[in-house]
Amino acid sequence: MVKRWLIGLGVLVVLVLGAWIYIKANQTGEVRGLVVDGAGRPVAGATVRLREKTLNLIKQGITTETDAEGRFIFTDQAIIEFFIDARTDGVVSEEYRYHLYFKEQDFELPDPIVIPVE
Amino acid sequence: MQLLLLAVAVMILLPLYWVLKTSLTGENLFNYPPSLVPRDMHVFYFVDVFYWIPFARFALNSVIVSVIVVVTNILFNSMAAMALTYEFNFKPLVIGLYLSSMMIPFQTAIIPAFLLTRELGLLNSHVGLALPLMSTIVNIFVFKSSFDAIPRSIIDSARIDGVSEWRLLDTIYLRLSSPAIATNVILAFVWSWNNFIWPLIIVRDEAMQTLPLALSRFLSYFEDTSGQLYAFVVLVAIPVIAIFLLNQKRFISGILAGAMKG
Amino acid sequence: MNDRRRLPLIILFLLPSVLVFVLYRWLPVIWNLFLSFQKWKPIGANEWVGASNYVTMFADPVFWESLQNTLVYFFVGTPVAIILALILALFVNEPIPGRNAYRTIIFLPYPITPVAIGLIWKWLLNDRVGFVNYVLRSVGLIDEGIPFLQSFDFALFSVIGTTIWQVLGYFMILVLAGLQTVPTELRDAALIDGAGPLRRTWSITLPLIRSTLFLCFIIGIINSFTVFDMVYVMTGGGPGHATEFLVTYIYRNAFEFNRLGYSAAMTVVMFLVLLTVTLVSNRFSGGEAGGARHYE
């Protein structure tokens, strides 16, 4: 009977350790993504705005610009939940909302941000 | 008859199911009417609990205190039960003392307990949190029943062999009483894990809070009806529910033993 | 056979547990008594004020209200819980399918920490988004949500109801254990004699489990004097003092208002009332019925 408890405890320890290692390996605090237009072509020079959401409020946003291939990157982010959108030439995309799993998670936006422009 | 039982079972399960569902979906916090089936399950409320408060620290506190309580319970209670296997003049007095201690609820002792713990310099410490729970009458008698059931012959022959009393306790009494040990562990752990009023009284730093205390304070961080709160509730309740479900017979027999003694 | 020579060892073995009980049960009784005649000073020596704490107490309307609420819990909540548990135990005792499942389910709330139970029901009873109000509205019983925990009329019974919800399984298990000591031959004999189920239960089973029922009663008494966790998180004693119990008022005076002497006096009174009620019930039941504690 004691053996059962020990095995259970051992499994738990292994799981926690594994999770801890994974988290440490992926804690770069980067949020990256791609901005495309309505036809799927990457948009260069678009302004991407990231707004952190805490439990009770939404903070002021920070911005960055996309490069020639429409990619952007925010670094040193210590957040868990945020809103993100992109704009160019006065047209703005929808606001997307993401929730991370741990602090400073290295996150790549699963879908590109679409600015409805031709 | 069955209908009534079914109705009661639903009334018991529904709130629990509701809490679990809300912690995984959060839908009926803001939607109206609430729906029975969960949609869009996600674990983000649980993530938030770990992120926004030092949940791991609180859990650790609860674990440390409970471990202390369990270990001291096994030690102190088995020693007391063993003492009760002897015959001595004031034995009825001791038994009377134990039994009548059950009549004094802890809630009547909170003020002096606080002052005493303060004098001992144990406020805000794991040991201080564990102290009032380090021995419980129920558990002493659980051991006593188990010890009394051991055949006298084994004890006597061990003594003839020159085994010391401590070794007797360790190798014979305890070795043959693993159900009693299990009951002690379960009851002591659950009582310690669920304890709220004592941590409320003696914990001064946020970092030393145990889980029930942290749970009650959670409301001051966030609004009342939030998915994170119910994720927290689920996290606090799960260990105890798991222990109960895995050890039903022992749990219930321990509770019954405690109630019947007298 | 007397183990007199082992006395030092016996005392050593008894010492740790006895110490815990003396320090945290017996000593407090006496300490409270002394404290009750003092006025607490955080720094410096306390002042002896004779019986003034008691005088204040008897003139304090909140004290009487909290005492009243405690007694309501005791006289209303406990019998309701025991009767319900009795009915459930009688059903679960029958050989019906799933009886073990029912037993497990009904007992399930008991091991959960009362703080969690309180928070769960605080939300379920919410007047805007609570499930209870939703159901009441759906079946057309009410038009607007009832603010259960904020109304002077409903708060006390909501809190008592929640404690019953949690403790039902515990009482049911106790009664069940008592029922299982009833020899089946008696019931079978009654069956043969043509007694219906109701009569069987009333005349045969119930008298045989008298001691179990009184045990539940005594446990219920102790419960009503010690319920704290749930009330604290559900209402904190409010609205006003509608859900103030003796224990919560004692806690408040001691640790929020720093009136330790006054609280100690109330604790002395509470202890005496509890003791009296317990002893009277014990005598009434005609025997020993030990009190079980949940250390919650």
# chains A, B, ... in the order shown; residues from 1 in each chain; ligands from 1
>>> interface_residues(of="chain A", to="chain B", cutoff="8 Å", atoms="only C-alpha atoms", output="PyMOL selection string")
chain A and resi 55-56+80+99-103
>>> write_last_selection(atoms="N, CA and C atoms", output="PDB file, in the first residue's frame")
ATOM      1  N   LEU A  55      -6.456  41.319 -14.266  1.00  0.00           N
ATOM      2  CA  LEU A  55      -7.753  40.763 -13.924  1.00  0.00           C
ATOM      3  C   LEU A  55      -8.846  41.816 -13.870  1.00  0.00           C
ATOM      4  N   ASN A  56      -8.491  43.036 -13.557  1.00  0.00           N
ATOM      5  CA  ASN A  56      -9.535  44.030 -13.392  1.00  0.00           C
ATOM      6  C   ASN A  56      -9.537  45.116 -14.455  1.00  0.00           C
ATOM      7  N   ILE A  80       0.235  37.747 -19.076  1.00  0.00           N
ATOM      8  CA  ILE A  80      -0.447  36.466 -19.188  1.00  0.00           C
ATOM      9  C   ILE A  80      -1.652  36.544 -20.122  1.00  0.00           C
ATOM     10  N   HIS A  99      -4.665  34.296 -24.276  1.00  0.00           N
ATOM     11  CA  HIS A  99      -4.329  34.047 -22.872  1.00  0.00           C
ATOM     12  C   HIS A  99      -3.195  33.038 -22.861  1.00  0.00           C
ATOM     13  N   LEU A 100      -2.108  33.385 -22.222  1.00  0.00           N
ATOM     14  CA  LEU A 100      -0.957  32.487 -22.183  1.00  0.00           C
ATOM     15  C   LEU A 100      -1.071  31.512 -21.016  1.00  0.00           C
ATOM     16  N   TYR A 101      -0.130  30.570 -20.969  1.00  0.00           N
ATOM     17  CA  TYR A 101      -0.160  29.576 -19.909  1.00  0.00           C
ATOM     18  C   TYR A 101       0.780  29.885 -18.770  1.00  0.00           C
ATOM     19  N   PHE A 102       1.843  30.653 -19.059  1.00  0.00           N
ATOM     20  CA  PHE A 102       2.722  31.028 -17.962  1.00  0.00           C
ATOM     21  C   PHE A 102       3.414  32.331 -18.295  1.00  0.00           C
ATOM     22  N   LYS A 103       3.958  32.934 -17.253  1.00  0.00           N
ATOM     23  CA  LYS A 103       4.568  34.243 -17.422  1.00  0.00           C
ATOM     24  C   LYS A 103       5.719  34.192 -18.409  1.00  0.00           C
TER      25      LYS A 103
END
>>> select_by_dssp(residues="stretch 16-235 of chain C", states="helix (DSSP H, G or I)", output="PyMOL selection string")
chain C and resi 16-36+52-59+61-93+99-107+114-124+131-138+155-179+184-192+197-208+210-226+229-234
>>> write_last_selection(atoms="C-alpha atoms", output="short mmCIF file (atom, residue, chain, number, x, y, z; two decimals), in the first residue's frame")
data_model
loop_
_atom_site.label_atom_id
_atom_site.label_comp_id
_atom_site.auth_asym_id
_atom_site.auth_seq_id
_atom_site.Cartn_x
_atom_site.Cartn_y
_atom_site.Cartn_z
CA PRO C 16 2.72 15.00 24.42
CA SER C 17 -0.97 14.46 23.76
CA VAL C 18 -1.99 15.52 27.25
CA LEU C 19 0.09 18.64 26.83
CA VAL C 20 -1.72 19.54 23.63
CA PHE C 21 -5.11 19.14 25.26
CA VAL C 22 -4.16 20.96 28.43
CA LEU C 23 -2.69 23.85 26.48
CA TYR C 24 -5.42 24.18 23.90
CA ARG C 25 -8.56 22.99 25.69
CA TRP C 26 -8.32 23.05 29.47
CA LEU C 27 -6.02 25.97 30.10
CA PRO C 28 -8.12 28.18 27.82
CA VAL C 29 -11.21 27.49 29.91
CA ILE C 30 -9.53 28.86 33.00
CA TRP C 31 -7.70 31.59 31.13
CA ASN C 32 -10.97 32.79 29.61
CA LEU C 33 -12.46 32.98 33.06
CA PHE C 34 -9.67 35.20 34.29
CA LEU C 35 -9.69 37.30 31.14
CA SER C 36 -13.39 37.87 31.48
CA SER C 52 -18.26 44.91 34.20
CA ASN C 53 -17.73 42.85 31.07
CA TYR C 54 -20.68 40.72 32.04
CA VAL C 55 -22.80 43.75 32.72
CA THR C 56 -21.92 45.15 29.31
CA MET C 57 -22.69 41.83 27.74
CA PHE C 58 -26.16 41.51 29.17
CA ALA C 59 -26.93 45.02 28.05
CA PRO C 61 -28.37 43.88 22.05
CA VAL C 62 -25.97 42.33 19.56
CA PHE C 63 -24.99 39.73 22.11
CA TRP C 64 -28.62 38.75 22.55
CA GLU C 65 -29.20 38.72 18.82
CA SER C 66 -26.22 36.48 18.26
CA LEU C 67 -27.36 34.20 21.05
CA GLN C 68 -30.79 34.10 19.50
CA ASN C 69 -29.42 33.23 16.09
CA THR C 70 -27.34 30.47 17.60
CA LEU C 71 -30.38 29.06 19.34
CA VAL C 72 -32.44 29.29 16.16
CA TYR C 73 -29.78 27.26 14.43
CA PHE C 74 -29.92 24.80 17.27
CA PHE C 75 -33.67 24.49 17.62
CA VAL C 76 -34.57 24.70 13.94
CA GLY C 77 -31.55 23.69 11.90
CA THR C 78 -30.48 20.68 13.89
CA PRO C 79 -33.83 18.86 14.02
CA VAL C 80 -34.41 19.53 10.32
CA ALA C 81 -31.00 18.14 9.46
CA ILE C 82 -31.47 15.08 11.65
CA ILE C 83 -34.94 14.29 10.35
CA LEU C 84 -33.80 14.62 6.76
CA ALA C 85 -30.77 12.48 7.48
CA LEU C 86 -32.97 9.91 9.17
CA ILE C 87 -35.27 9.66 6.16
CA LEU C 88 -32.34 9.38 3.80
CA ALA C 89 -30.64 6.77 5.97
CA LEU C 90 -33.82 4.70 6.10
CA PHE C 91 -33.99 4.72 2.32
CA VAL C 92 -30.31 4.03 1.78
CA ASN C 93 -30.56 1.17 4.23
CA ARG C 99 -27.36 2.70 -2.58
CA ASN C 100 -23.61 2.92 -2.20
CA ALA C 101 -23.47 5.60 -4.84
CA TYR C 102 -26.16 7.56 -3.05
CA ARG C 103 -24.30 7.21 0.20
CA THR C 104 -21.07 8.48 -1.32
CA ILE C 105 -22.74 11.36 -3.14
CA ILE C 106 -24.70 12.61 -0.17
CA PHE C 107 -21.61 12.50 2.05
CA PRO C 114 -16.51 24.99 4.74
CA VAL C 115 -14.92 28.10 3.27
CA ALA C 116 -15.31 26.61 -0.19
CA ILE C 117 -18.87 25.48 0.53
CA GLY C 118 -19.73 28.95 1.74
CA LEU C 119 -18.34 30.59 -1.37
CA ILE C 120 -20.11 28.13 -3.64
CA TRP C 121 -23.48 28.81 -2.10
CA LYS C 122 -22.83 32.51 -1.80
CA TRP C 123 -22.71 32.54 -5.57
CA LEU C 124 -25.59 30.12 -6.09
CA PHE C 131 -28.68 29.43 -10.06
CA VAL C 132 -31.28 29.22 -7.31
CA ASN C 133 -32.96 32.40 -8.41
CA TYR C 134 -32.80 31.26 -12.00
CA VAL C 135 -34.70 28.11 -11.16
CA LEU C 136 -37.23 29.98 -9.06
CA ARG C 137 -37.80 32.42 -11.88
CA SER C 138 -38.08 29.67 -14.49
CA ALA C 155 -30.12 35.50 5.36
CA LEU C 156 -30.18 33.41 8.51
CA PHE C 157 -32.10 30.58 6.93
CA SER C 158 -29.90 30.64 3.86
CA VAL C 159 -26.82 30.21 6.01
CA ILE C 160 -28.43 27.51 8.12
CA GLY C 161 -29.62 25.81 4.94
CA THR C 162 -26.12 25.76 3.57
CA THR C 163 -24.74 24.15 6.71
CA ILE C 164 -27.49 21.54 6.54
CA TRP C 165 -26.50 20.84 2.94
CA GLN C 166 -23.00 20.07 4.07
CA VAL C 167 -23.71 18.16 7.25
CA LEU C 168 -26.56 16.03 5.93
CA GLY C 169 -24.25 13.28 4.77
CA TYR C 170 -22.48 13.19 8.11
CA PHE C 171 -25.69 12.69 10.07
CA MET C 172 -26.91 10.20 7.51
CA ILE C 173 -23.81 8.08 8.00
CA LEU C 174 -24.28 8.15 11.76
CA VAL C 175 -27.92 7.11 11.55
CA LEU C 176 -27.03 4.47 8.99
CA ALA C 177 -24.53 2.94 11.38
CA GLY C 178 -27.20 2.90 14.04
CA LEU C 179 -29.71 1.34 11.70
CA THR C 184 -33.29 -7.87 10.83
CA GLU C 185 -35.25 -10.60 12.58
CA LEU C 186 -37.23 -7.98 14.40
CA ARG C 187 -38.22 -6.27 11.20
CA ASP C 188 -38.99 -9.55 9.52
CA ALA C 189 -41.16 -10.59 12.43
CA ALA C 190 -43.09 -7.35 12.15
CA LEU C 191 -43.50 -7.92 8.44
CA ILE C 192 -45.00 -11.30 9.07
CA PRO C 197 -43.53 -0.01 6.50
CA LEU C 198 -44.46 3.19 8.25
CA ARG C 199 -45.61 1.42 11.37
CA ARG C 200 -42.58 -0.80 11.34
CA THR C 201 -40.30 2.18 11.21
CA TRP C 202 -42.15 4.10 13.85
CA SER C 203 -42.65 1.42 16.44
CA ILE C 204 -39.63 -0.74 15.99
CA THR C 205 -36.72 0.90 14.25
CA LEU C 206 -36.93 4.33 15.76
CA PRO C 207 -36.92 3.32 19.40
CA LEU C 208 -33.97 1.05 18.75
CA ARG C 210 -32.71 6.30 20.04
CA SER C 211 -29.15 6.55 21.25
CA THR C 212 -27.89 7.21 17.73
CA LEU C 213 -30.44 9.98 17.29
CA PHE C 214 -29.45 11.58 20.57
CA LEU C 215 -25.83 11.36 19.51
CA CYS C 216 -26.71 13.28 16.37
CA PHE C 217 -28.56 15.75 18.52
CA ILE C 218 -25.57 16.41 20.72
CA ILE C 219 -23.30 16.77 17.73
CA GLY C 220 -25.82 19.18 16.31
CA ILE C 221 -25.70 21.21 19.50
CA ILE C 222 -21.95 21.51 19.34
CA ASN C 223 -22.17 22.40 15.65
CA SER C 224 -24.60 25.21 16.23
CA PHE C 225 -22.28 26.76 18.77
CA THR C 226 -19.18 26.44 16.67
CA ASP C 229 -16.02 29.38 8.69
CA MET C 230 -19.07 29.30 6.50
CA VAL C 231 -20.77 32.28 8.07
CA TYR C 232 -17.61 34.32 7.89
CA VAL C 233 -17.23 33.96 4.15
CA MET C 234 -20.91 34.04 3.26
#
>>> residues_around(residues="A:Thr28", least_positions_apart="2", cutoff="10 Å", atoms="only C-alpha atoms", output="MDAnalysis selection string")
chainID A and resid 23:26 30:31 75:78 103:107
>>> write_last_selection(atoms="C-alpha atoms", output="JSON list (two decimals), in the first residue's frame")
[["chain", "number", "residue", "atom", "x", "y", "z"],
["A", 23, "ILE", "CA", 8.50, 26.42, -18.75],
["A", 24, "LYS", "CA", 12.09, 27.47, -18.13],
["A", 25, "ALA", "CA", 13.04, 26.54, -21.67],
["A", 26, "ASN", "CA", 10.27, 28.62, -23.18],
["A", 30, "GLU", "CA", 8.59, 37.22, -26.84],
["A", 31, "VAL", "CA", 5.32, 37.71, -28.61],
["A", 75, "THR", "CA", 10.25, 41.38, -26.47],
["A", 76, "ASP", "CA", 10.55, 41.19, -22.70],
["A", 77, "GLN", "CA", 6.88, 40.72, -22.13],
["A", 78, "ALA", "CA", 5.84, 39.59, -18.67],
["A", 103, "LYS", "CA", 4.57, 34.24, -17.42],
["A", 104, "GLU", "CA", 6.99, 35.36, -20.16],
["A", 105, "GLN", "CA", 5.78, 32.57, -22.36],
["A", 106, "ASP", "CA", 7.39, 32.48, -25.74],
["A", 107, "PHE", "CA", 4.34, 32.97, -27.91]]
>>> atom_distance(atom1="atom CA of B:Asn194", atom2="atom CA of B:Ser135")
16.0 Å
>>> atom_distance(atom1="atom CA of B:Phe88", atom2="atom CA of B:Asn139")
21.6 Å
>>> atom_distance(atom1="atom CA of C:Gly145", atom2="atom CA of C:Gly130")
8.4 Å
>>> select_by_dssp(residues="chain A", states="strand (DSSP E or B)", output="NGL selection string")
:A and (27 or 31-37 or 42 or 47-53 or 58 or 62-65 or 71-74 or 81-88 or 91-92 or 96-99 or 105 or 107-108 or 113-115)
